[in-house]
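Below is one structure; the comments refer to it alone.
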Amino acid sequence: VKALFYEVEMPLVRILFAMEKAGVKVSPERLGLLHEKFTRRIKAVETEIYQLAGEEFNISSPKQLGVVLFERLGLPVVKKTKTGYSTDAEVLEELADRHPLVQKVLDYRGLVKLNSTYVEALLSLAAAPDYRIHTTFNQAVTATGRLSSTDPNLQNIPVRSAEGREIRRCFIPKDRDTLFLAADYSQIELRLLAHFAEDEKLVAAFQSDQDVHRRTAAEIFNLPPEEVSPQLRDRAKAVNFGIIYGISGFGLAKGVGVSRKEAEAFIDAYFARYQGVKTYLERAIAQAREDGYVTTIMNRRRYLPDLKARNFQRRSFAERMARNTPIQGSAADLIKLAMVRVEARLRKEKIPATLLLQVHDELLLEVERAALPEAEKVLREEMEGAFALRVPLAVDLKSGDNWGDL
């Protein structure tokens with residue numbers, strides 16, 4: 001624990017202060033154009049919703065939306081609240097294939113949220129002369145030890161949606177002589193699972209640099225790796241990541257679009273093939289119940305008193321935390337340790353590169369173009385060498401002229 005405190009958390013205080021002070025530049029022109037674009041799209045979706053409903057109403061009012069969905073259109077009521085029909089995201093997702101209006105409402109909500117939470121908020125914060133946004137990093141807020149970001153939260157901009165990438169394109173380096181460089185730990189949580197579980201097959205897959213999702217699909221479905229289809233690989237990927245979070249057959253079925261029975265068969269097949277993972281997860285919960293806490297790779301503790309709760313839901317939640325925290329918390333330990341090492345080395349070698357953001361398993365830096373090869377070398381060496389695991393750590397590097405196109 002002393003090493004965690006003195007070698008990671010305390011040196012990180014100064015680094016996070018410097019990152020907050022540096023900020024990250026946005027383009028007010030790009031944000032302005034994006035605001036206009038999103039506003040036009042919101043209006044267009046609004047019009048489509050009114051046409052499908054046959055009337056105008058306040059789409060943002062759960063009460064009015066409930067009347068349209070369940071009384072006018074006669075859709076089945078999924079759940080009720082104290083004030084009437086529930087129209088939360090879960091309900092709408094369940095009804096999405098019943099009527100085209102439902103998907104449009106989901107699209108509308110997504111666009112409104114992105115426009116107000118990010119585009120409008122960033123525009124209000126981007127001030128002359130440097131148009132740099134200064135987030136606040138919270139070092140001791142999350143239970144797993146991960147950093148969080150607030151006012152504004154720059155860790156939560158969706159990365160997989162086209163709209164999220166458009167927002168990220170508004171983040172730019174300070175001038176033309178500078179680039180963004182992103183370094184991302186590849187499959188860090190699965191590598192940590194392999195390390196903790198000491199499962200021979202999982203460890204071998206990472207040591208021989210195989211596509212671990214393809215390998216899992218081959219194991220589960222009894223196929224040669226070259227015969228694994230993209231669809232089967234996606235299912236194996238959902239199982240691989242779901243296992244860490246204690247996914248249920250119901251959750252997996254919903255996530256990959258198969259029946260609950262099929263999903264449960266996938267999970268059973270996974271544990272039959274990866275016995276080491278099954279043993280480790282069972283052991284982790286039993287040990288946590290005995291100790292009252294779980295620890296990460298650098299001995300960060302999380303106490304879980306609810307492991308002995310009589311209430312099934314509270315106990316189940318604590319069991320999921322007992323499986324997940326050692327892995328997610330160890331990933332947090334590693335990226336924090338890497339930040340300390342990277343920053344020290346950049347200073348020592350006087351490389352003109354500045355740490356700007358940390359987004360979970362990724363670091364974003366601003367680097368002078370001429371120094372890009374040196375900065376890449378430092379990031380790869382310090383991040384991959386941060387900690388000796390049973391499997392190698394791997395880092396993906398990307399550089400570019402804005403955050404969205406890396």
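By convention here, the chains of the structure tokens are called A, B, ... in the order presented, each chain's residues are numbered starting at 1, and ligands are numbered starting at 1 in the order presented.
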
>> Can you pull out the residues contacting Gly54 (chain A)? Cut-off 10 Å, using only C-alpha atoms, and skip same-chain residues under 4 positions away; I want them as a ChimeraX atom specification.
In response: /A:48-50,68,72-73

>> At a cut-off of 9 Å, using only C-alpha atoms, what residues contact region 113-117 of chain A? Leave out same-chain residues fewer than 4 positions from it and give the result as a list in words.
In response: Leu34, His35, Phe38, Thr39, Tyr108, Arg109, Ala121, Leu122, Pro152, Ile157, Glu163, Gly164 and Ile167 of chain A

Please report as JSON lines every residue of region 144-213 of chain A lying within 6 Å of region 352-362 of chain A, along with the nearest atom pair and their distance in Å (one decimal), using only C-alpha atoms.
{"residue": "A:Gln155", "atom": "CA", "partner": "A:Val359", "partner_atom": "CA", "distance": 5.1}
{"residue": "A:Ala183", "atom": "CA", "partner": "A:Glu362", "partner_atom": "CA", "distance": 5.5}
{"residue": "A:Asp184", "atom": "CA", "partner": "A:Glu362", "partner_atom": "CA", "distance": 4.1}
{"residue": "A:Tyr185", "atom": "CA", "partner": "A:Asp361", "partner_atom": "CA", "distance": 5.5}

With only C-alpha atoms counted and 10 Å as the cut-off, give the residues of region 253-290 of chain A in contact with region 210-219 of chain A, each with its shortest interatomic distance in Å and the pair that gives it, as a Markdown table.
| residue | atom | partner | partner_atom | distance |
| --- | --- | --- | --- | --- |
| A:Phe266 | CA | A:Ala217 | CA | 9.5 |
| A:Ala269 | CA | A:Glu219 | CA | 8.3 |
| A:Tyr270 | CA | A:Thr216 | CA | 7.7 |
| A:Ala272 | CA | A:Glu219 | CA | 9.6 |
| A:Arg273 | CA | A:Glu219 | CA | 6.6 |
| A:Tyr274 | CA | A:Glu219 | CA | 8.9 |

Taking C-alpha atoms for each residue, export the selection above as a PDB file, in the first residue's frame.
ATOM      1  CA  PHE A 266     -22.230 -19.787 -24.403  1.00  0.00           C
ATOM      2  CA  ALA A 269     -19.135 -23.460 -22.774  1.00  0.00           C
ATOM      3  CA  TYR A 270     -16.778 -20.592 -21.874  1.00  0.00           C
ATOM      4  CA  ALA A 272     -15.916 -25.445 -19.505  1.00  0.00           C
ATOM      5  CA  ARG A 273     -13.019 -24.314 -21.741  1.00  0.00           C
ATOM      6  CA  TYR A 274     -11.496 -21.737 -19.392  1.00  0.00           C
TER       7      TYR A 274
END

> Expressed in Å to a single decimal, how great is the separation between CA of Gln287 (chain A) and CA of Phe317 (chain A)?
Replying inline: 16.0 Å

>> Can you tell me, as a PyMOL selection string, which residues in region 81-289 of chain A count as strand (DSSP E) by DSSP?
In response: chain A and resi 81+84-85+132-133+136-138+148-150+178-185

Emit the selected residues as a compact mmCIF listing (two decimals), in the first residue's frame, including N, CA and C atoms.
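So result_4.txt came out as:
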# COMPACT_ATOMS: atom_id res chain seq x y z
N THR A 81 -44.74 4.05 -13.28
CA THR A 81 -44.14 4.81 -12.18
C THR A 81 -45.29 5.32 -11.32
N GLY A 84 -47.51 7.50 -13.52
CA GLY A 84 -48.11 6.98 -14.77
C GLY A 84 -47.20 6.00 -15.47
N TYR A 85 -47.15 6.10 -16.82
CA TYR A 85 -46.35 5.15 -17.61
C TYR A 85 -44.87 5.51 -17.54
N ARG A 132 -8.99 26.97 -24.62
CA ARG A 132 -8.67 25.68 -24.00
C ARG A 132 -9.69 25.35 -22.91
N ILE A 133 -10.11 24.09 -22.90
CA ILE A 133 -11.08 23.60 -21.94
C ILE A 133 -10.31 22.97 -20.77
N THR A 136 -11.67 19.00 -14.52
CA THR A 136 -11.13 18.69 -13.18
C THR A 136 -11.03 17.18 -13.08
N PHE A 137 -9.85 16.68 -12.73
CA PHE A 137 -9.66 15.23 -12.53
C PHE A 137 -9.86 14.89 -11.06
N ASN A 138 -10.70 13.90 -10.81
CA ASN A 138 -10.94 13.46 -9.43
C ASN A 138 -10.15 12.18 -9.18
N SER A 148 -11.74 10.14 -12.47
CA SER A 148 -12.94 10.62 -13.17
C SER A 148 -12.71 12.08 -13.52
N SER A 149 -13.55 12.59 -14.40
CA SER A 149 -13.36 13.94 -14.93
C SER A 149 -14.70 14.68 -14.82
N THR A 150 -14.65 15.93 -14.30
CA THR A 150 -15.89 16.70 -14.16
C THR A 150 -15.70 18.15 -14.59
N THR A 178 2.07 21.12 -34.00
CA THR A 178 1.78 20.17 -32.92
C THR A 178 0.75 19.14 -33.36
N LEU A 179 0.88 17.93 -32.82
CA LEU A 179 -0.06 16.84 -33.12
C LEU A 179 -0.63 16.29 -31.82
N PHE A 180 -1.74 15.58 -31.94
CA PHE A 180 -2.22 14.78 -30.83
C PHE A 180 -1.61 13.39 -30.96
N LEU A 181 -1.24 12.81 -29.82
CA LEU A 181 -0.77 11.43 -29.79
C LEU A 181 -1.56 10.71 -28.71
N ALA A 182 -2.22 9.63 -29.08
CA ALA A 182 -2.99 8.84 -28.12
C ALA A 182 -2.34 7.48 -27.94
N ALA A 183 -2.25 7.05 -26.69
CA ALA A 183 -1.70 5.73 -26.38
C ALA A 183 -2.73 4.98 -25.54
N ASP A 184 -3.12 3.82 -26.04
CA ASP A 184 -4.25 3.09 -25.47
C ASP A 184 -3.81 1.68 -25.10
N TYR A 185 -4.01 1.29 -23.84
CA TYR A 185 -3.71 -0.10 -23.45
C TYR A 185 -4.67 -1.04 -24.18

Fewer than 3 positions away in the same chain doesn't count, so skip those; otherwise give me all residues within 7 Å of Phe171 (chain A), counting only C-alpha atoms, as a PDB file with all heavy atoms, in the first residue's frame.
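Final output, around-v3.pdb:
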ATOM      1  N   LYS A  25      -7.323  22.286 -26.237  1.00  0.00           N
ATOM      2  CA  LYS A  25      -7.917  23.306 -27.116  1.00  0.00           C
ATOM      3  C   LYS A  25      -9.102  22.756 -27.899  1.00  0.00           C
ATOM      4  O   LYS A  25      -9.077  21.606 -28.353  1.00  0.00           O
ATOM      5  CB  LYS A  25      -6.850  23.819 -28.096  1.00  0.00           C
ATOM      6  CG  LYS A  25      -7.323  24.996 -28.951  1.00  0.00           C
ATOM      7  CD  LYS A  25      -6.210  25.496 -29.856  1.00  0.00           C
ATOM      8  CE  LYS A  25      -6.692  26.630 -30.740  1.00  0.00           C
ATOM      9  NZ  LYS A  25      -5.618  27.134 -31.624  1.00  0.00           N
ATOM     10  N   VAL A  26     -10.145  23.586 -28.053  1.00  0.00           N
ATOM     11  CA  VAL A  26     -11.255  23.236 -28.949  1.00  0.00           C
ATOM     12  C   VAL A  26     -11.370  24.313 -30.020  1.00  0.00           C
ATOM     13  O   VAL A  26     -10.917  25.434 -29.837  1.00  0.00           O
ATOM     14  CB  VAL A  26     -12.608  23.110 -28.205  1.00  0.00           C
ATOM     15  CG1 VAL A  26     -12.636  21.913 -27.293  1.00  0.00           C
ATOM     16  CG2 VAL A  26     -12.973  24.382 -27.466  1.00  0.00           C
ATOM     17  N   SER A  27     -11.990  23.933 -31.127  1.00  0.00           N
ATOM     18  CA  SER A  27     -12.221  24.882 -32.208  1.00  0.00           C
ATOM     19  C   SER A  27     -13.641  25.437 -32.079  1.00  0.00           C
ATOM     20  O   SER A  27     -14.613  24.707 -32.303  1.00  0.00           O
ATOM     21  CB  SER A  27     -12.065  24.182 -33.563  1.00  0.00           C
ATOM     22  OG  SER A  27     -12.687  24.944 -34.575  1.00  0.00           O
ATOM     23  N   ARG A 168     -15.554  14.911 -30.842  1.00  0.00           N
ATOM     24  CA  ARG A 168     -14.114  14.773 -30.592  1.00  0.00           C
ATOM     25  C   ARG A 168     -13.277  15.499 -31.658  1.00  0.00           C
ATOM     26  O   ARG A 168     -12.165  15.933 -31.376  1.00  0.00           O
ATOM     27  CB  ARG A 168     -13.724  13.290 -30.538  1.00  0.00           C
ATOM     28  CG  ARG A 168     -14.153  12.627 -29.233  1.00  0.00           C
ATOM     29  CD  ARG A 168     -13.820  11.149 -29.218  1.00  0.00           C
ATOM     30  NE  ARG A 168     -14.020  10.594 -27.889  1.00  0.00           N
ATOM     31  CZ  ARG A 168     -13.142   9.831 -27.234  1.00  0.00           C
ATOM     32  NH1 ARG A 168     -11.998   9.517 -27.792  1.00  0.00           N
ATOM     33  NH2 ARG A 168     -13.412   9.373 -26.036  1.00  0.00           N
ATOM     34  N   ASN A 402      -6.704  15.979 -34.974  1.00  0.00           N
ATOM     35  CA  ASN A 402      -7.808  16.243 -34.044  1.00  0.00           C
ATOM     36  C   ASN A 402      -8.092  14.949 -33.289  1.00  0.00           C
ATOM     37  O   ASN A 402      -7.645  13.868 -33.700  1.00  0.00           O
ATOM     38  CB  ASN A 402      -9.048  16.771 -34.772  1.00  0.00           C
ATOM     39  CG  ASN A 402      -9.662  15.747 -35.698  1.00  0.00           C
ATOM     40  OD1 ASN A 402     -10.201  14.742 -35.257  1.00  0.00           O
ATOM     41  ND2 ASN A 402      -9.566  15.985 -37.005  1.00  0.00           N
ATOM     42  N   TRP A 403      -8.858  15.041 -32.217  1.00  0.00           N
ATOM     43  CA  TRP A 403      -9.066  13.897 -31.346  1.00  0.00           C
ATOM     44  C   TRP A 403      -9.985  12.846 -31.989  1.00  0.00           C
ATOM     45  O   TRP A 403      -9.871  11.657 -31.735  1.00  0.00           O
ATOM     46  CB  TRP A 403      -9.638  14.380 -30.011  1.00  0.00           C
ATOM     47  CG  TRP A 403      -9.647  13.379 -28.908  1.00  0.00           C
ATOM     48  CD1 TRP A 403      -8.921  12.215 -28.840  1.00  0.00           C
ATOM     49  CD2 TRP A 403     -10.399  13.430 -27.700  1.00  0.00           C
ATOM     50  NE1 TRP A 403      -9.182  11.555 -27.664  1.00  0.00           N
ATOM     51  CE2 TRP A 403     -10.081  12.286 -26.934  1.00  0.00           C
ATOM     52  CE3 TRP A 403     -11.304  14.359 -27.160  1.00  0.00           C
ATOM     53  CZ2 TRP A 403     -10.654  12.041 -25.680  1.00  0.00           C
ATOM     54  CZ3 TRP A 403     -11.864  14.109 -25.918  1.00  0.00           C
ATOM     55  CH2 TRP A 403     -11.544  12.955 -25.185  1.00  0.00           C
TER      56      TRP A 403
END

>> So that I can check the surroundings of Val77 (chain A), please list as a PyMOL selection string every protein, DNA and RNA residue that reaches within 10 Å of it, counting only C-alpha atoms and ignoring chain neighbours fewer than 4 positions away.
In response: chain A and resi 66+69-71+85-87+91+95

>> Let me make sure I understand: among A:Arg289, A:Arg41, A:His195, A:Arg390, which one has the smallest atom-to-atom distance to Leu304 (chain A) if we use only C-alpha atoms?
In response: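 The answer is A:Arg289, which sits nearest to Leu304 (chain A).
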
>> Which residues are close to Gln328 (chain A), i.e. within 10 Å by only C-alpha atoms, leaving aside same-chain residues fewer than 2 positions away? Reply as a list in words.
In response: Thr144, Gly145, Arg146, Ile188, Glu189, Leu190, Leu192, Leu193, Ile244, Tyr245, Thr296, Met321, Arg323, Asn324, Thr325, Pro326, Ser330, Ala331, Ala332, Asp333, Leu334 and His360 of chain A

> Pick the closest to Glu343 (chain A) from A:Leu379, A:Arg283, A:Lys201, A:Arg176: which is it, counting only C-alpha atoms?
Replying inline: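 Checking each candidate against Glu343 (chain A), we get A:Leu379 as the closest.
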
> Just how far from CA of Asp130 (chain A) is CA of Ala371 (chain A), in Å to one decimal?
Replying inline: 22.7 Å

>> Could you tell me how far CA of Leu147 (chain A) sits from CA of Arg30 (chain A), in Å to one decimal place?
In response: 28.2 Å

>> Which of region 156-308 of chain A end up as alpha helix (DSSP H) when DSSP is run on this backbone - answer as JSON, numbers by chain?
In response: {"A": [162, 163, 164, 165, 166, 167, 168, 188, 189, 190, 191, 192, 193, 194, 195, 196, 197, 200, 201, 202, 203, 204, 205, 206, 207, 212, 213, 214, 215, 216, 217, 218, 219, 220, 221, 230, 231, 232, 233, 234, 235, 236, 237, 238, 239, 240, 241, 242, 243, 244, 249, 250, 251, 252, 253, 254, 255, 256, 260, 261, 262, 263, 264, 265, 266, 267, 268, 269, 270, 271, 272, 273, 275, 276, 277, 278, 279, 280, 281, 282, 283, 284, 285, 286, 287, 288, 289, 290, 291]}

> Nearest to Lys37 (chain A) among A:Glu200, A:Glu166, A:Glu349, A:Asp306, with distances taken over only C-alpha atoms: which residue is it?
Replying inline: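 Ranking A:Glu200, A:Glu166, A:Glu349, A:Asp306 by distance to Lys37 (chain A), first place goes to A:Glu166.
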